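Written below as structure tokens is the structure these notes are about.
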Amino acid sequence: MLTPLHNLSLADYSTLRLGGPARYFLDVTSATQLAEAIEWARLNKLAWQVIGGGSNIVFADEGFDGLIIRNKIKGIEIKEQGSATLLQAGAGESWDGVVQLSCEKGLYGLAELSLIPGTVGATPVQNIGAYGREISETLSHVEAYDSHTKTWKTLTAAQCKFSYRTSIFNSTEKHRYAIASVTYKLSHEPREAPLYASLAQYLEKYNVTARDPFTIRSAVIAVRQIRLPDPTRLPNLGSFFKNPIVDTMTASRIAKKHPDMPKYPAAHGSIKLAAGWLIEKANLKGYAAHGLYTYKENALVIVNDTAQSARDLFAFRDEIIARVQQQFGITLTQEPEIVGKQKNAPKDPSS
Ligand code: EPU
């Protein structure tokens with residue numbers, strides 16, 4: 001028998017610490033419970049939404065008029081398969097715990113993604129990425145409950161249709177699957193690609209020549225701790241905007257005025273710009289309003305200082321979008337997901 005909690009404040013379940021109540025809230029600790037929770041919501045004609053650590057979610061002030069299911073499915077299994085090592089983890093495992101374990105075992109593939117807050121189940125949803133790595137490169141498959149067919153499915157990386165911060169789980173098939181576990185394909189051999197510039201610079205600065213997973217992890221942690229505030233101390237959701245992908249003409253138009261502009265090649269000949277740089281150049285690094293501010297070490301991060309409502313956050317966000325638009329003619333889009341319906345809110349620019 002499932003006994004969901006009633007009327008629970010969601011602010012405690014987002015690392016931004018904002019948002020209204022959930023009509024119902026339930027922790028699940030097994031795949032069976034996960035499927036049962038979804039069927040319970042269906043039976044009661046309620047919307048449902050699975051959450052992990054809440055480190056990439058903005059809850060609306062009106063809260064969520066349905067069932068919030070917090071995924072706490074645990075368990076890690078490691079097995080060798082030819083020259084590869086498969087690591088399967090329950091969707092409710094701490095992501096960084098899994099990275100740490102893989103590095104302790106000398107496995108390459110996840111070290112660059114160290115210290116990203118949140119759970120394993122969130123890693124395929126938004127195709128997490130950092131320091132030249134994306135989870136799409138190491139993900140083997142996902143076990144998920146298909147609420148359309150009421151069956152369990154194994155989805156391969158190709159079936160997840162990954163691109164920059166996107167998969168079927170947050171786009172075409174949103175609200176369809178609930179993830180129970182994720183399996184990563186790791187290796188005892190280093191990969192060919194060079195280390196991301198800021199990590200290589202950090203290691204050179206300290207004359208560290210080793211490039212084993214644990215060394216890479218330590219460098220990532222050191223670099224991240226300067227640029228990203230700890231959400232348990234300063235409530236935030238990591239990068240608040242996506243890095244915009246533009247055509248070459250737009251990129252050269254800005255680069256003409258700003259030869260120092262960071263830019264990276266992206267898919268189909270387009271160019272990825274750095275949202276943090278654009279915000280900084282719009283003079284908004286450290287900018288404070290509505291009880292929030294952009295982090296002084298990294299303008300891409302919004303910190304909740306004294307804000308009491310998601311409405312304050314949206315007002316702050318829209319000011320940043322307008323100022324960057326005015327200065328560069330580029331419209332930034334929000335990276336974290338909005339859960340729940342905000343009354344009188346403009347359309348979610350991220351969807
Ligand atoms: N930059 C500035 N000013 C700023 C911030 C950045 O000039 O205030 C410049 C940097 O100097 C650099 C460029 O912008 O030249 C890119 O910055 P960085 O390499 O630090 O990465 P990012 O684009 O800010 C992305 C991810 C992060 C990930 C880092 C490291 C997105 C939206 N963000 O940030 O992911 O940790 O790369 O690889 O893609 C997250 O998704 O929550 C997240 C933290």
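Ligands are numbered from 1 in the order shown, chains are lettered A, B, ... in the order of the structure tokens, and residues start at 1 in each chain.
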
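Omitting Arg227 of chain A and its sequence neighbours fewer than 5 positions away, and counting only C-alpha atoms, the residues within 12 Å are A:Leu115, A:Ser198, A:Val220, A:Ile221, A:Ala222, A:Gly238, A:Ser239, A:Gly276, A:Thr294, A:Tyr295, A:Lys296, A:Glu297, A:Asn298, A:Ala299, A:Leu300, A:Val301.
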
Go ahead and save the picked residues with all heavy atoms, as a short mmCIF file (atom, residue, chain, number, x, y, z; two decimals), in the first residue's frame.
data_model
loop_
_atom_site.label_atom_id
_atom_site.label_comp_id
_atom_site.auth_asym_id
_atom_site.auth_seq_id
_atom_site.Cartn_x
_atom_site.Cartn_y
_atom_site.Cartn_z
N LEU A 115 31.74 15.92 -8.90
CA LEU A 115 31.15 16.99 -8.08
C LEU A 115 29.93 17.67 -8.70
O LEU A 115 29.50 18.72 -8.26
CB LEU A 115 32.21 18.06 -7.75
CG LEU A 115 32.13 18.68 -6.35
CD1 LEU A 115 32.30 17.65 -5.28
CD2 LEU A 115 33.14 19.79 -6.19
N SER A 198 41.32 23.92 -19.11
CA SER A 198 41.45 24.47 -17.74
C SER A 198 41.97 23.40 -16.77
O SER A 198 42.67 23.74 -15.81
CB SER A 198 40.13 25.06 -17.25
OG SER A 198 39.13 24.08 -17.21
N VAL A 220 39.37 18.38 -11.18
CA VAL A 220 38.02 18.87 -11.45
C VAL A 220 37.42 19.46 -10.17
O VAL A 220 36.84 20.55 -10.19
CB VAL A 220 37.11 17.73 -12.00
CG1 VAL A 220 35.65 18.16 -12.05
CG2 VAL A 220 37.56 17.29 -13.38
N ILE A 221 37.59 18.75 -9.07
CA ILE A 221 37.02 19.22 -7.80
C ILE A 221 37.62 20.57 -7.43
O ILE A 221 36.91 21.52 -7.09
CB ILE A 221 37.23 18.17 -6.68
CG1 ILE A 221 36.33 16.95 -6.96
CG2 ILE A 221 36.93 18.76 -5.30
CD1 ILE A 221 36.51 15.77 -6.02
N ALA A 222 38.95 20.68 -7.58
CA ALA A 222 39.62 21.95 -7.23
C ALA A 222 39.12 23.09 -8.11
O ALA A 222 38.80 24.17 -7.62
CB ALA A 222 41.14 21.78 -7.37
N GLY A 238 23.53 25.49 -10.23
CA GLY A 238 24.61 25.35 -11.22
C GLY A 238 24.39 26.36 -12.34
O GLY A 238 23.84 27.44 -12.11
N SER A 239 24.77 25.98 -13.56
CA SER A 239 24.58 26.89 -14.70
C SER A 239 23.09 27.19 -14.84
O SER A 239 22.29 26.27 -14.98
CB SER A 239 25.04 26.23 -15.99
OG SER A 239 26.40 25.93 -15.92
N GLY A 276 28.01 32.61 -19.76
CA GLY A 276 28.62 33.30 -18.62
C GLY A 276 29.41 34.53 -19.08
O GLY A 276 29.37 35.58 -18.46
N THR A 294 24.05 37.16 -9.33
CA THR A 294 24.90 36.27 -10.14
C THR A 294 26.24 36.13 -9.39
O THR A 294 26.77 37.11 -8.86
CB THR A 294 25.12 36.83 -11.56
OG1 THR A 294 25.65 38.15 -11.45
CG2 THR A 294 23.83 36.86 -12.37
N TYR A 295 26.74 34.92 -9.38
CA TYR A 295 27.93 34.59 -8.58
C TYR A 295 29.16 35.36 -9.09
O TYR A 295 29.38 35.45 -10.31
CB TYR A 295 28.17 33.08 -8.68
CG TYR A 295 29.12 32.52 -7.66
CD1 TYR A 295 28.99 32.82 -6.30
CD2 TYR A 295 30.15 31.66 -8.06
CE1 TYR A 295 29.86 32.29 -5.37
CE2 TYR A 295 31.01 31.10 -7.12
CZ TYR A 295 30.86 31.43 -5.78
OH TYR A 295 31.72 30.89 -4.86
N LYS A 296 29.94 35.90 -8.17
CA LYS A 296 31.07 36.75 -8.56
C LYS A 296 32.16 35.98 -9.31
O LYS A 296 32.89 36.54 -10.11
CB LYS A 296 31.65 37.46 -7.33
CG LYS A 296 30.78 38.63 -6.90
CD LYS A 296 31.37 39.37 -5.72
CE LYS A 296 30.34 40.24 -5.03
NZ LYS A 296 29.26 39.46 -4.35
N GLU A 297 32.30 34.70 -9.05
CA GLU A 297 33.33 33.90 -9.72
C GLU A 297 32.84 33.33 -11.05
O GLU A 297 33.63 32.74 -11.80
CB GLU A 297 33.77 32.72 -8.84
CG GLU A 297 34.27 33.10 -7.47
CD GLU A 297 35.55 33.91 -7.52
OE1 GLU A 297 36.26 33.85 -8.53
OE2 GLU A 297 35.81 34.62 -6.53
N ASN A 298 31.51 33.41 -11.32
CA ASN A 298 30.95 32.76 -12.51
C ASN A 298 29.53 33.28 -12.73
O ASN A 298 28.60 32.87 -12.05
CB ASN A 298 30.96 31.25 -12.28
CG ASN A 298 30.44 30.48 -13.46
OD1 ASN A 298 30.01 31.05 -14.46
ND2 ASN A 298 30.49 29.16 -13.35
N ALA A 299 29.42 34.18 -13.71
CA ALA A 299 28.15 34.89 -13.91
C ALA A 299 27.01 33.97 -14.36
O ALA A 299 25.85 34.37 -14.38
CB ALA A 299 28.34 36.01 -14.92
N LEU A 300 27.34 32.73 -14.73
CA LEU A 300 26.32 31.80 -15.22
C LEU A 300 25.49 31.20 -14.08
O LEU A 300 24.47 30.56 -14.30
CB LEU A 300 27.03 30.68 -16.00
CG LEU A 300 26.23 29.79 -16.92
CD1 LEU A 300 25.35 30.60 -17.85
CD2 LEU A 300 27.16 28.90 -17.72
N VAL A 301 25.95 31.42 -12.85
CA VAL A 301 25.26 30.83 -11.70
C VAL A 301 24.46 31.90 -10.96
O VAL A 301 24.98 32.97 -10.65
CB VAL A 301 26.30 30.21 -10.72
CG1 VAL A 301 25.61 29.63 -9.49
CG2 VAL A 301 27.11 29.14 -11.43
#

Non-local contacts of Arg42 of chain A (12 Å; only C-alpha atoms; under 3 positions in same chain excluded) as a list of chain:residue names: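 Contacts, in chain order: A:Ala35, A:Glu36, A:Ala37, A:Ile38, A:Glu39, A:Lys45, A:Leu46, A:Ala47, A:Trp48, A:Gln49, A:Gly66, A:Leu67, A:Ser147, A:His148, A:Lys150.
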
Straight-line distance linking atom CA of Thr232 of chain A with atom CA of Asp305 of chain A, stated in Å to one decimal: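 Pair atom CA of Thr232 of chain A / atom CA of Asp305 of chain A returns 12.4 Å.
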
Residue contacts of segment 162-178 of chain A (7 Å, only C-alpha atoms) excluding same-chain residues fewer than 4 positions away, as a count of residues only: 12

Residues flagged helix (DSSP H, G or I) by DSSP in segment 48-267 of chain A, as a ChimeraX atom specification: /A:95-104,111-113,122-125,135-137,157-160,168-170,197-205,213-227,248-257,267
